[in-house]
Structure formats: C-alpha cells, structure tokens
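Dropping my_file39.txt in here (compact mmCIF, C-alpha atoms and all ligand atoms):
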# COMPACT_ATOMS: atom_id res chain seq x y z
CA MET N 336 144.98 -97.04 -124.15
CA LYS N 337 144.21 -98.76 -120.84
CA PHE N 338 142.69 -96.69 -118.08
CA ASP N 339 143.36 -99.00 -115.19
CA GLY N 340 144.71 -96.92 -112.32
CA PHE N 341 143.26 -97.99 -108.95
CA GLU N 342 141.18 -94.87 -108.38
CA THR N 343 139.85 -95.00 -111.96
CA LEU N 344 138.75 -98.62 -111.52
CA ALA N 345 137.17 -97.82 -108.15
CA ILE N 346 134.93 -95.24 -109.81
CA HIS N 347 134.31 -96.92 -113.18
CA ALA N 348 134.85 -100.70 -113.13
CA GLY N 349 131.48 -102.44 -113.44
CA GLN N 350 129.81 -99.02 -113.39
CA GLU N 351 129.08 -98.04 -116.98
CA PRO N 352 126.23 -95.50 -117.24
CA ASP N 353 122.90 -97.35 -117.10
CA ALA N 354 122.06 -98.79 -120.52
CA GLY N 355 118.38 -97.80 -120.36
CA THR N 356 118.47 -94.31 -118.86
CA GLY N 357 122.07 -93.13 -118.91
CA ALA N 358 122.08 -92.80 -115.11
CA VAL N 359 125.72 -92.18 -114.19
CA VAL N 360 125.37 -93.90 -110.83
CA VAL N 361 124.43 -97.58 -110.85
CA PRO N 362 120.76 -97.68 -109.77
CA ILE N 363 119.51 -99.60 -106.73
CA TYR N 364 117.72 -102.43 -108.52
CA GLN N 365 115.33 -103.10 -105.64
CA THR N 366 113.67 -106.10 -107.26
CA SER N 367 113.54 -109.79 -106.46
CA THR N 368 112.54 -110.99 -109.93
CA TYR N 369 112.74 -110.06 -113.64
CA ALA N 370 110.32 -110.30 -116.57
CA GLN N 371 111.29 -112.95 -119.09
CA ASP N 372 110.85 -112.85 -122.86
CA GLY N 373 109.16 -116.21 -123.27
CA VAL N 374 109.68 -119.24 -121.03
CA GLY N 375 113.36 -119.43 -120.01
CA GLY N 376 114.10 -116.22 -121.93
CA MET N 377 116.16 -114.07 -119.62
CA ARG N 378 116.75 -110.54 -120.92
CA GLN N 379 120.18 -109.69 -119.55
CA GLY N 380 121.08 -112.77 -117.59
CA TYR N 381 118.84 -111.88 -114.65
CA GLU N 382 116.00 -114.12 -113.45
CA TYR N 383 115.98 -113.96 -109.62
CA SER N 384 117.95 -111.69 -107.27
CA ARG N 385 119.44 -114.38 -105.03
CA THR N 386 121.25 -115.63 -108.12
CA LYS N 387 122.08 -112.22 -109.63
CA ASN N 388 121.12 -108.59 -109.19
CA PRO N 389 122.51 -105.74 -111.32
CA THR N 390 123.52 -103.55 -108.35
CA ARG N 391 125.36 -106.48 -106.82
CA THR N 392 126.93 -107.36 -110.18
CA ALA N 393 128.36 -103.83 -110.41
CA LEU N 394 129.91 -104.20 -106.94
CA GLU N 395 131.25 -107.67 -107.73
CA GLU N 396 132.87 -106.53 -110.98
CA CYS N 397 134.39 -103.50 -109.30
CA LEU N 398 135.88 -105.54 -106.45
CA ALA N 399 137.28 -108.12 -108.88
CA ALA N 400 139.00 -105.29 -110.78
CA LEU N 401 140.40 -103.72 -107.60
CA GLU N 402 141.92 -107.02 -106.44
CA SER N 403 143.12 -107.95 -109.97
CA GLY N 404 140.97 -111.09 -109.76
CA ALA N 405 138.98 -113.12 -112.26
CA ARG N 406 135.74 -113.03 -110.27
CA GLY N 407 134.26 -111.14 -107.35
CA LEU N 408 131.32 -112.27 -105.22
CA GLY N 409 129.30 -110.23 -102.75
CA PHE N 410 127.93 -111.54 -99.44
CA ALA N 411 125.70 -110.35 -96.62
CA SER N 412 128.70 -110.07 -94.27
CA GLY N 413 132.35 -110.98 -94.05
CA MET N 414 131.42 -114.05 -92.03
CA ALA N 415 128.89 -115.13 -94.68
CA ALA N 416 131.68 -114.88 -97.27
CA GLU N 417 133.99 -116.97 -95.07
CA ASP N 418 131.33 -119.58 -94.37
CA THR N 419 130.45 -119.97 -98.05
CA LEU N 420 134.12 -120.20 -99.01
CA LEU N 421 134.96 -122.83 -96.39
CA ARG N 422 131.94 -124.97 -97.29
CA THR N 423 132.94 -124.77 -100.95
CA VAL N 424 136.59 -125.74 -100.62
CA LEU N 425 136.68 -128.04 -97.55
CA SER N 426 135.36 -131.56 -97.01
CA PRO N 427 135.31 -133.82 -93.94
CA GLY N 428 138.84 -135.05 -93.19
CA ASP N 429 140.53 -131.90 -94.48
CA HIS N 430 142.85 -129.68 -92.45
CA ILE N 431 143.17 -125.91 -92.36
CA ILE N 432 145.93 -123.69 -90.99
CA ILE N 433 144.87 -120.37 -89.46
CA PRO N 434 146.84 -117.47 -87.94
CA GLY N 435 147.72 -117.52 -84.25
CA ASP N 436 145.81 -114.28 -83.78
CA ALA N 437 143.05 -114.81 -86.32
CA TYR N 438 140.05 -112.46 -86.38
CA GLY N 439 137.82 -113.60 -83.48
CA GLY N 440 134.87 -114.41 -85.74
CA THR N 441 137.04 -116.51 -88.06
CA PHE N 442 138.42 -118.43 -85.09
CA ARG N 443 134.88 -118.99 -83.80
CA LEU N 444 133.60 -120.16 -87.20
CA ILE N 445 136.45 -122.65 -87.60
CA SER N 446 136.66 -123.90 -84.00
CA LYS N 447 132.92 -124.03 -83.23
CA VAL N 448 131.29 -124.77 -86.59
CA VAL N 449 133.71 -126.02 -89.24
CA GLU N 450 135.40 -128.42 -86.81
CA ARG N 451 132.06 -130.15 -86.22
CA TRP N 452 131.96 -131.25 -89.87
CA GLY N 453 135.20 -133.17 -89.34
CA VAL N 454 137.69 -130.54 -90.44
CA SER N 455 140.79 -130.20 -88.25
CA TRP N 456 142.77 -127.01 -87.79
CA ASP N 457 145.99 -125.64 -86.38
CA ALA N 458 146.62 -122.05 -85.36
CA VAL N 459 150.20 -120.99 -85.99
CA ASP N 460 152.17 -117.77 -85.84
CA GLN N 461 152.33 -116.99 -89.56
CA THR N 462 154.73 -114.10 -89.13
CA ASN N 463 157.17 -117.02 -89.18
CA ALA N 464 156.75 -118.76 -92.57
CA ASP N 465 158.65 -121.83 -91.32
CA ALA N 466 155.90 -122.40 -88.76
CA VAL N 467 153.40 -122.60 -91.64
CA ARG N 468 155.62 -125.07 -93.50
CA ASP N 469 155.93 -127.23 -90.36
CA ALA N 470 152.16 -127.22 -89.84
CA MET N 471 151.38 -128.46 -93.38
CA ARG N 472 149.92 -131.97 -93.48
CA PRO N 473 149.05 -134.21 -96.44
CA ASN N 474 145.36 -133.28 -95.90
CA THR N 475 145.92 -129.50 -95.56
CA LYS N 476 143.58 -127.93 -98.11
CA VAL N 477 143.63 -124.31 -97.01
CA VAL N 478 146.17 -121.95 -95.53
CA TRP N 479 144.24 -118.99 -94.13
CA THR N 480 146.25 -115.82 -93.68
CA GLU N 481 145.55 -112.37 -92.32
CA THR N 482 148.08 -109.64 -92.80
CA PRO N 483 148.25 -107.31 -90.97
CA THR N 484 146.71 -109.43 -88.20
CA ASN N 485 144.09 -108.33 -85.74
CA PRO N 486 144.79 -106.99 -83.17
CA LEU N 487 148.58 -107.43 -83.02
CA LEU N 488 149.35 -106.16 -86.54
CA GLY N 489 151.64 -109.06 -87.36
CA ILE N 490 152.86 -109.28 -90.95
CA THR N 491 152.92 -112.45 -93.04
CA ASP N 492 154.96 -112.71 -96.22
CA ILE N 493 152.19 -113.51 -98.71
CA GLU N 494 154.51 -114.60 -101.52
CA THR N 495 156.39 -117.09 -99.33
CA VAL N 496 153.26 -118.52 -97.73
CA ALA N 497 151.60 -118.87 -101.17
CA GLN N 498 154.58 -120.96 -102.26
CA ILE N 499 154.35 -123.15 -99.15
CA ALA N 500 150.58 -123.66 -99.62
CA HIS N 501 150.98 -124.50 -103.30
CA ASP N 502 153.85 -126.93 -102.63
CA GLY N 503 151.31 -128.86 -100.54
CA ASP N 504 148.45 -128.48 -103.09
CA ALA N 505 146.58 -126.21 -100.69
CA LEU N 506 144.85 -122.91 -101.44
CA LEU N 507 146.11 -119.69 -99.92
CA VAL N 508 143.25 -117.54 -98.66
CA VAL N 509 144.11 -114.00 -97.52
CA ASP N 510 141.72 -111.98 -95.38
CA ASN N 511 142.60 -108.55 -96.79
CA THR N 512 140.16 -106.58 -94.65
CA PHE N 513 142.79 -104.62 -92.70
CA ALA N 514 144.81 -103.53 -95.72
CA SER N 515 142.08 -103.14 -98.38
CA PRO N 516 142.98 -103.67 -102.05
CA TYR N 517 144.39 -100.15 -102.22
CA LEU N 518 147.24 -101.03 -99.85
CA GLN N 519 147.76 -104.68 -100.77
CA GLN N 520 146.74 -107.05 -103.57
CA PRO N 521 147.27 -110.64 -102.39
CA LEU N 522 146.25 -112.26 -105.70
CA THR N 523 149.15 -110.53 -107.46
CA LEU N 524 151.45 -112.06 -104.81
CA GLY N 525 150.24 -115.62 -105.43
CA ALA N 526 147.17 -115.95 -103.17
CA ASP N 527 144.17 -117.87 -104.57
CA VAL N 528 141.32 -116.19 -102.72
CA VAL N 529 140.90 -112.81 -101.07
CA VAL N 530 138.30 -112.39 -98.32
CA HIS N 531 136.89 -109.03 -97.28
CA SER N 532 134.64 -107.75 -94.62
CA THR N 533 133.44 -104.86 -96.79
CA THR N 534 131.88 -103.55 -93.57
CA LYS N 535 135.31 -102.07 -92.85
CA TYR N 536 137.50 -100.01 -95.21
CA ILE N 537 135.76 -100.88 -98.48
CA GLY N 538 132.35 -99.63 -97.31
CA GLY N 539 134.24 -97.15 -95.17
CA HIS N 540 131.39 -95.26 -93.52
CA SER N 541 130.18 -97.68 -90.82
CA ASP N 542 126.73 -97.75 -92.37
CA VAL N 543 126.59 -101.20 -93.94
CA VAL N 544 127.59 -104.80 -93.14
CA GLY N 545 128.90 -106.82 -96.07
CA GLY N 546 131.48 -109.27 -97.29
CA ALA N 547 133.22 -110.33 -100.49
CA LEU N 548 135.40 -112.99 -102.04
CA VAL N 549 137.68 -112.37 -105.00
CA VAL N 550 139.42 -115.28 -106.73
CA ALA N 551 142.25 -115.58 -109.21
CA ASP N 552 140.80 -118.63 -110.96
CA ALA N 553 137.54 -118.31 -112.93
CA GLU N 554 136.65 -121.97 -112.36
CA LEU N 555 136.85 -121.59 -108.57
CA GLY N 556 134.81 -118.39 -109.09
CA GLU N 557 132.12 -120.47 -110.82
CA GLN N 558 132.02 -123.00 -107.93
CA LEU N 559 131.75 -120.17 -105.43
CA ALA N 560 128.96 -118.53 -107.42
CA PHE N 561 127.11 -121.87 -107.31
CA HIS N 562 127.46 -121.96 -103.53
CA GLN N 563 126.63 -118.26 -103.20
CA ASN N 564 123.33 -118.95 -104.94
CA THR N 565 122.76 -122.27 -103.16
CA MET N 566 123.38 -120.95 -99.65
CA GLY N 567 121.94 -117.53 -100.41
CA ALA N 568 123.95 -115.34 -98.02
CA ILE N 569 123.82 -112.42 -100.44
CA PRO N 570 123.83 -108.66 -99.87
CA GLY N 571 120.66 -106.79 -100.82
CA PRO N 572 120.63 -104.17 -103.59
CA PHE N 573 120.77 -101.21 -101.19
CA ASP N 574 123.67 -102.66 -99.22
CA SER N 575 125.49 -103.38 -102.48
CA TRP N 576 124.87 -99.80 -103.56
CA LEU N 577 126.13 -98.32 -100.28
CA THR N 578 129.26 -100.45 -100.51
CA LEU N 579 129.84 -99.39 -104.10
CA ARG N 580 129.42 -95.78 -103.05
CA GLY N 581 132.09 -96.28 -100.40
CA VAL N 582 134.50 -97.97 -102.79
CA LYS N 583 134.75 -94.88 -104.99
CA THR N 584 136.73 -92.99 -102.35
CA LEU N 585 138.74 -95.94 -101.01
CA GLY N 586 142.08 -94.67 -102.35
CA VAL N 587 141.86 -91.16 -100.91
CA ARG N 588 140.50 -92.45 -97.63
CA MET N 589 143.29 -95.00 -97.23
CA ASP N 590 145.94 -92.38 -97.89
CA ARG N 591 144.49 -90.27 -95.09
CA HIS N 592 144.02 -93.23 -92.71
CA SER N 593 147.70 -94.14 -93.13
CA GLU N 594 148.86 -90.54 -92.76
CA ASN N 595 146.85 -90.00 -89.57
CA ALA N 596 147.95 -93.37 -88.17
CA GLU N 597 151.59 -92.44 -88.66
CA ARG N 598 151.05 -89.23 -86.69
CA VAL N 599 149.27 -91.04 -83.88
CA VAL N 600 152.00 -93.70 -83.76
CA ALA N 601 154.68 -91.02 -83.47
CA ALA N 602 152.84 -89.50 -80.50
CA LEU N 603 152.27 -92.86 -78.77
CA GLU N 604 155.83 -94.06 -79.30
CA GLY N 605 157.34 -91.38 -77.13
CA HIS N 606 154.74 -91.55 -74.37
CA SER N 607 155.72 -92.75 -70.88
CA ALA N 608 152.35 -94.51 -70.26
CA VAL N 609 152.78 -96.68 -73.37
CA ARG N 610 154.73 -99.92 -73.08
CA ARG N 611 154.70 -100.88 -76.75
CA VAL N 612 153.17 -99.73 -80.04
CA TYR N 613 152.20 -102.28 -82.69
CA TYR N 614 152.31 -100.77 -86.19
CA PRO N 615 153.93 -102.25 -89.32
CA GLY N 616 155.12 -98.79 -90.37
CA LEU N 617 157.59 -98.67 -87.47
CA ASP N 618 161.05 -99.75 -88.56
CA THR N 619 161.35 -101.58 -85.22
CA HIS N 620 158.33 -103.73 -86.17
CA PRO N 621 159.58 -107.27 -86.98
CA GLY N 622 157.51 -107.39 -90.20
CA HIS N 623 158.39 -103.89 -91.38
CA LYS N 624 160.56 -104.95 -94.34
CA ILE N 625 157.95 -107.37 -95.65
CA ALA N 626 155.17 -104.83 -95.14
CA GLU N 627 157.19 -102.27 -97.04
CA ARG N 628 157.47 -104.71 -99.93
CA GLN N 629 153.87 -105.90 -100.12
CA MET N 630 151.90 -102.83 -98.97
CA ARG N 631 151.56 -99.36 -100.46
CA SER N 632 151.43 -97.78 -96.99
CA PHE N 633 150.75 -99.18 -93.54
CA GLY N 634 147.07 -98.47 -92.99
CA GLY N 635 144.92 -97.07 -90.22
CA MET N 636 145.02 -99.84 -87.60
CA VAL N 637 147.24 -99.36 -84.56
CA SER N 638 147.45 -101.26 -81.28
CA PHE N 639 149.33 -100.27 -78.16
CA ALA N 640 149.97 -101.77 -74.74
CA LEU N 641 149.85 -99.75 -71.52
CA ARG N 642 152.66 -99.83 -69.00
CA ASP N 643 150.14 -99.99 -66.13
CA GLY N 644 148.23 -103.01 -67.42
CA GLU N 645 144.58 -103.78 -68.07
CA LYS N 646 143.07 -101.11 -65.82
CA ALA N 647 145.03 -98.39 -67.60
CA ALA N 648 143.98 -99.82 -70.97
CA LEU N 649 140.30 -99.77 -70.02
CA GLN N 650 140.65 -96.19 -68.74
CA VAL N 651 142.13 -94.94 -72.00
CA CYS N 652 139.27 -96.57 -73.91
CA GLU N 653 136.73 -94.77 -71.76
CA ARG N 654 138.39 -91.33 -71.77
CA THR N 655 138.70 -90.49 -75.46
CA LYS N 656 136.30 -87.95 -76.92
CA VAL N 657 136.94 -88.03 -80.67
CA PHE N 658 137.70 -91.76 -80.74
CA THR N 659 134.39 -93.54 -80.12
CA LEU N 660 134.44 -96.64 -77.91
CA GLY N 661 133.17 -99.39 -80.15
CA GLU N 662 133.88 -102.53 -82.12
CA SER N 663 134.56 -102.63 -85.84
CA LEU N 664 137.06 -100.55 -87.80
CA GLY N 665 137.79 -98.98 -91.14
CA GLY N 666 135.20 -96.20 -91.10
CA VAL N 667 135.86 -92.50 -91.57
CA GLU N 668 135.40 -92.01 -87.81
CA SER N 669 138.04 -93.06 -85.30
CA LEU N 670 137.23 -95.96 -82.98
CA ILE N 671 138.91 -97.33 -79.87
CA GLU N 672 138.42 -100.67 -78.15
CA HIS N 673 139.79 -103.21 -75.69
CA PRO N 674 140.29 -106.44 -77.73
CA GLY N 675 140.54 -108.69 -74.64
CA ARG N 676 137.05 -107.76 -73.45
CA MET N 677 135.42 -106.78 -76.75
CA THR N 678 136.35 -108.04 -80.24
CA HIS N 679 138.52 -110.91 -79.02
CA ALA N 680 136.60 -111.95 -75.90
CA SER N 681 135.81 -115.32 -77.55
CA THR N 682 139.53 -116.20 -77.57
CA ALA N 683 139.82 -115.99 -73.76
CA GLY N 684 141.51 -119.06 -72.32
CA SER N 685 142.67 -120.30 -75.75
CA ALA N 686 146.10 -120.11 -77.35
CA LEU N 687 144.78 -117.11 -79.29
CA GLU N 688 144.07 -115.01 -76.19
CA VAL N 689 145.23 -111.39 -76.58
CA PRO N 690 147.17 -109.33 -73.98
CA ALA N 691 144.93 -107.67 -71.36
CA ASP N 692 146.88 -104.38 -71.45
CA LEU N 693 146.19 -103.92 -75.17
CA VAL N 694 144.17 -101.12 -76.78
CA ARG N 695 143.27 -101.19 -80.48
CA ILE N 696 142.44 -98.08 -82.46
CA SER N 697 141.03 -97.62 -85.92
CA VAL N 698 142.43 -94.24 -86.91
CA GLY N 699 139.84 -92.33 -88.91
CA ILE N 700 140.15 -89.44 -91.31
CA GLU N 701 139.32 -86.60 -88.92
CA SER N 702 141.90 -83.87 -88.31
CA GLY N 703 145.18 -85.53 -87.35
CA ASP N 704 145.83 -82.79 -84.77
CA ASP N 705 142.57 -83.60 -82.98
CA LEU N 706 143.26 -87.33 -82.98
CA VAL N 707 146.70 -86.91 -81.45
CA ALA N 708 145.42 -84.41 -78.86
CA ASP N 709 142.54 -86.72 -77.92
CA LEU N 710 144.80 -89.72 -77.28
CA LEU N 711 147.25 -87.62 -75.29
CA GLN N 712 144.52 -86.29 -73.00
CA ALA N 713 143.14 -89.83 -72.56
CA LEU N 714 146.59 -91.15 -71.61
CA GLU N 715 147.17 -88.35 -69.18
CA GLY N 716 143.70 -88.66 -67.63
C1 LIG N 801 135.07 -107.72 -89.37
C2 LIG N 801 136.00 -108.74 -89.89
C3 LIG N 801 135.53 -109.95 -90.42
C4 LIG N 801 134.06 -110.35 -90.40
O1 LIG N 801 133.29 -109.51 -91.19
P1 LIG N 801 131.74 -109.10 -90.87
O2 LIG N 801 131.42 -108.18 -91.98
O3 LIG N 801 131.71 -108.48 -89.52
O4 LIG N 801 130.97 -110.38 -90.90
C5 LIG N 801 136.47 -110.84 -90.93
N1 LIG N 801 137.78 -110.57 -90.90
C6 LIG N 801 138.26 -109.42 -90.40
C7 LIG N 801 139.72 -109.18 -90.40
C8 LIG N 801 137.39 -108.48 -89.87
O5 LIG N 801 137.89 -107.36 -89.34
Since I need it in another form, could you write the structure as structure tokens?
Amino acid sequence: MKFDGFETLAIHAGQEPDAGTGAVVVPIYQTSTYAQDGVGGMRQGYEYSRTKNPTRTALEECLAALESGARGLGFASGMAAEDTLLRTVLSPGDHIIIPGDAYGGTFRLISKVVERWGVSWDAVDQTNADAVRDAMRPNTKVVWTETPTNPLLGITDIETVAQIAHDGDALLVVDNTFASPYLQQPLTLGADVVVHSTTKYIGGHSDVVGGALVVADAELGEQLAFHQNTMGAIPGPFDSWLTLRGVKTLGVRMDRHSENAERVVAALEGHSAVRRVYYPGLDTHPGHKIAERQMRSFGGMVSFALRDGEKAALQVCERTKVFTLGESLGGVESLIEHPGRMTHASTAGSALEVPADLVRISVGIESGDDLVADLLQALEG
C-alpha cells in the first residue's frame, strides 16, 4: 500500500523517527560539523552543515514530496532561492520572460542585478499565453511564471505556458508561493522548477524567513545542490525546523484560508465603497476557469480597489483592527497592505506599477465573522 495523501506526506515525508533515539519529531541538529570515521569517512553523508544538515534534509525531502518533485532544496529566503536558481540556469546573453506584475523582489533581482550580468528580460502579461509565445526569443532560457500573481491575482495556464517554454527549449519556473503545494502542483502540470518563499504559507506562522526550490529533474537538482553549497545561502537548522513544523498543518490551514477568503470576497463584492475585487474564485474573474482546473481551491489572497481612489485605500489599511497593517502574507494572522506604497513601491514608474487605489489582504485563519466585520467597519470608517 502507498500512503501518499498530501496531509500524510506533510507530516511524514522525510520525517522518520530519529534513528538514534526514536524522537518522533526531527531534532534541531544545531551543529556545523560532523565527526568522521577515519579521513574522508562520513557517517551518514554529513560532513559540514553548509553542504548538508539533517534538519534541512528532512525539510527538503518533505517539500520535494509535497510538490511531486525529484529534489527539494532549502534556502535562507525566497530571494536566496531565486538568486541561486537564476545563477545556475542563466548565462550572459540569455533572455528571461517574467510576469507583468511579478513579485516586487523578483522584478528588482532581475532588473537591478541579473541584467547587469548581461541577461535581458521582458515583462509580459502571462494571463494571455499568446503574449508569452510572442515574447519567446531564440536565446530565451527561462519563462518565469507566478500564478496567482501578486497583487492582482492574475491566473496563468501552467500547462499551456510549459508547452510554449519547452517548444523554445526554455525552462518553466513557477513561483508557487501564493498557492502553496496544497492548492497547486506546477511540476505535475509540466513546470520544471517550483520556487517558494517558505516565509509565507509553507512556514505559515510569520516567525521564519525561508525559501525553497523543487525540481522535476534529478540532474538539475544536482546542479542546484552544487550551487546551493557553493553560494551558501542556506537556512539554519532552527529555521528549517520551524518551517517543517509549519508544513505539517499546511493542508488544514489552506482549507481555512480559502474558506475565509471566500466569505470576505462575498462581503466586499456587494459593498458600495469597493470598485473591484480581484479573486480567482469569482466566476467573473477572467482566469476563473483555468484556476478551477489547476487549483484545489482559490487561496487566501484577495485584492480590491476602492471607488474613492488612493486616499480611501490608505484609510482602509489604517482602520482595520484584526487585520494588521504589514507586508508579507500567508501567516495564520490576517494582514492588510497598500501595494503601491509598500510591497510594490519599487515598481513605481515602471510598466509593472500597480494601481494606487488597490488594497491587498492576506486572509488569515481567525474567525471568519470577525474578519468580515473588521473589513466592513474599516470601509465604513
Ligand atoms: C515573499 C515572496 C518572495 C520572496 O521571498 P522572501 O522569503 O521574502 O525572500 C518571492 N515570491 C513571492 C510571490 C513572494 O510573495
């Protein structure tokens, strides 16, 4: 028999009881080095913790299982994962396609750092797969996708874009941070690499910063492990442990995030102060059909635009009591923010600039009644 349901893997994959003591929870192996049996005689494959650490290994194996990948790799942050990936798969002269509303940090990494090494890029609206096909060049090595996007919750058809990337011998990378592997598994839809900021839903408690890569191909996994060790942007044992602790409840948390988000969306939709709600679960959302096909449910991220513009948006952000004003997302607590002045401030003046009347919320797993009531009082002032 195969016990491979998502929630079972989240709790058990890579997490056998400790061989030495029987500890049910993977210990925090807070060590930098390991005793060797004779020169070059590693005991269980561990010699130095930049290269490998058992707590990190447990997390990496668990994440690989949850994304149905061949190999998982842990990093100190989502950006560290992205940086290591891009420096592994790109060379000077290559071209990369990114989403029109890419995560601000990804846009900054590519436009301010990667470009300097002689890599060119184009930002296109990937909710339209034809736009991706048109942007492909002979030197395109990577198509970088986020779905749902941040902060506009656009949906990209992963299967179609994987086909387009592969037709041009490019890799499809999917930043799966917003959906988490519980809601969406890009590798099973043809993607080559999944990127996570584990800081968000995977860690889930806003108490640790981390990142991960999961790949479909073991050979690419080997190359990435080489770069992970070479560049050294690894998570420490305690951060790996906290992330692994979060992962165990990912499934139940995501169910509740989605459920609460749907309630909040229903309340916002009918409200006279709200101009537009962005949520892939709405059947009026242009990507709804695709989202329905490739996601289990629609997640906890919601954006909405205010009829009275930027000032009204800023006021709502400052009036909520249960929703905390802050950046980040994906934790058990609800957060609210103004992308134009906070998470996406670095896109100001560029083609990726976000609407000024937009508010983004990360709907937590508090009481749904309280979340709806809090937003309504903030809208009414
Ligand atoms: C937060 C985030 C990142 C960056 O991750 P860090 O852990 O903050 O470095 C990348 N992509 C998305 C979609 C994110 O939300």
Listing only residues of stretch 616-671 of chain N within 12 Å of stretch 456-477 of chain N, what is the closest atom pair and its distance in Å (to one decimal) for each, using all atoms listed in the file, sorted by chain and residue number ascending, as CSV?
residue,atom,partner,partner_atom,distance
N:His620,CA,N:Thr462,CA,11.4
N:Pro621,CA,N:Thr462,CA,8.6
N:Gly622,CA,N:Thr462,CA,7.3
N:His623,CA,N:Thr462,CA,11.1
N:Ile625,CA,N:Thr462,CA,9.9
N:Ala626,CA,N:Thr462,CA,11.1
Contacts of N:Val582 within 10 Å, all atoms listed in the file, excl. fewer than 4 positions in-chain, as a ChimeraX atom specification
/N:342,344-346,394,397-398,401,533,536-539,576-578,586,588
Determine the nearest neighbour of ligand LIG 801 (chain N) from the options N:Ser446, N:Gln379, N:Thr368, N:Ser532, counting all atoms listed in the file.
N:Ser532
Can I get the residues of stretch 555-627 of chain N within 10 Å of stretch 511-530 of chain N, each with the closest pair of atoms and their distance in Å to one decimal, using all atoms listed in the file, sorted chain first then ascending number, as a Markdown table?
| residue | atom | partner | partner_atom | distance |
| --- | --- | --- | --- | --- |
| N:Leu555 | CA | N:Val528 | CA | 9.1 |
| N:Gly556 | CA | N:Val528 | CA | 9.4 |
| N:Leu585 | CA | N:Tyr517 | CA | 7.1 |
| N:Gly586 | CA | N:Tyr517 | CA | 5.9 |
| N:Val587 | CA | N:Tyr517 | CA | 9.4 |
| N:Arg588 | CA | N:Tyr517 | CA | 9.8 |
| N:Met589 | CA | N:Tyr517 | CA | 7.3 |
| N:Asp590 | CA | N:Leu518 | CA | 9.0 |
| N:Ser593 | CA | N:Leu518 | CA | 9.6 |
| N:Ala626 | CA | N:Gln519 | CA | 9.3 |
Please identify all protein, DNA and RNA residues within 7 Å of ligand LIG 801 (chain N), counting all atoms listed in the file, and report them as a ChimeraX atom specification.
/N:412-415,438,440-441,481,485,510,512-513,531-535,544-546,663
If you count only C-alpha atoms, the residue of N:Tyr369, N:Phe658, N:Phe561, N:Phe442 closest to N:Ser681 turns out to be N:Phe442
Using only C-alpha atoms, determine which residues lie at most 10 Å from N:Asn388, disregarding the query and same-chain residues fewer than 3 positions distant; provide the list as an NGL selection string.
:N and (363-369 or 380-385 or 391-393 or 569-572 or 575)
Your completed stretch 532-553 of chain N with N, CA and C atoms, as a CSV table (one decimal), keeping the file's coordinate frame:
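Saved file out-v9.csv follows:
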chain,number,residue,atom,x,y,z
N,532,SER,N,135.8,-108.3,-95.3
N,532,SER,CA,134.6,-107.8,-94.6
N,532,SER,C,134.5,-106.4,-95.2
N,533,THR,N,133.6,-106.2,-96.1
N,533,THR,CA,133.4,-104.9,-96.8
N,533,THR,C,132.8,-103.9,-95.8
N,534,THR,N,132.4,-104.4,-94.7
N,534,THR,CA,131.9,-103.6,-93.6
N,534,THR,C,132.9,-102.5,-93.2
N,535,LYS,N,134.2,-102.9,-93.4
N,535,LYS,CA,135.3,-102.1,-92.8
N,535,LYS,C,135.8,-101.0,-93.9
N,536,TYR,N,137.0,-101.1,-94.4
N,536,TYR,CA,137.5,-100.0,-95.2
N,536,TYR,C,136.8,-99.9,-96.5
N,537,ILE,N,136.4,-101.0,-97.1
N,537,ILE,CA,135.8,-100.9,-98.5
N,537,ILE,C,134.5,-100.1,-98.4
N,538,GLY,N,133.6,-100.4,-97.5
N,538,GLY,CA,132.4,-99.6,-97.3
N,538,GLY,C,132.8,-98.3,-96.7
N,539,GLY,N,133.5,-98.3,-95.7
N,539,GLY,CA,134.2,-97.2,-95.2
N,539,GLY,C,133.5,-96.1,-94.4
N,540,HIS,N,132.2,-96.3,-94.2
N,540,HIS,CA,131.4,-95.3,-93.5
N,540,HIS,C,130.6,-95.8,-92.4
N,541,SER,N,130.9,-97.1,-92.0
N,541,SER,CA,130.2,-97.7,-90.8
N,541,SER,C,128.7,-97.6,-90.9
N,542,ASP,N,128.2,-97.8,-92.2
N,542,ASP,CA,126.7,-97.8,-92.4
N,542,ASP,C,126.2,-99.0,-93.1
N,543,VAL,N,127.1,-100.0,-93.3
N,543,VAL,CA,126.6,-101.2,-93.9
N,543,VAL,C,127.5,-102.4,-93.6
N,544,VAL,N,126.8,-103.6,-93.4
N,544,VAL,CA,127.6,-104.8,-93.1
N,544,VAL,C,127.6,-105.6,-94.4
N,545,GLY,N,128.8,-106.0,-94.8
N,545,GLY,CA,128.9,-106.8,-96.1
N,545,GLY,C,130.2,-107.6,-96.2
N,546,GLY,N,130.3,-108.5,-97.1
N,546,GLY,CA,131.5,-109.3,-97.3
N,546,GLY,C,131.7,-109.6,-98.8
N,547,ALA,N,132.9,-110.0,-99.1
N,547,ALA,CA,133.2,-110.3,-100.5
N,547,ALA,C,134.3,-111.4,-100.6
N,548,LEU,N,134.3,-112.1,-101.7
N,548,LEU,CA,135.4,-113.0,-102.0
N,548,LEU,C,135.8,-112.6,-103.4
N,549,VAL,N,137.2,-112.6,-103.6
N,549,VAL,CA,137.7,-112.4,-105.0
N,549,VAL,C,138.7,-113.5,-105.3
N,550,VAL,N,138.6,-114.1,-106.4
N,550,VAL,CA,139.4,-115.3,-106.7
N,550,VAL,C,140.2,-115.0,-108.0
N,551,ALA,N,141.4,-115.7,-108.0
N,551,ALA,CA,142.2,-115.6,-109.2
N,551,ALA,C,141.8,-116.5,-110.3
N,552,ASP,N,141.2,-117.6,-110.0
N,552,ASP,CA,140.8,-118.6,-111.0
N,552,ASP,C,139.3,-118.6,-111.3
N,553,ALA,N,139.0,-118.5,-112.6
N,553,ALA,CA,137.5,-118.3,-112.9
N,553,ALA,C,136.7,-119.6,-112.6
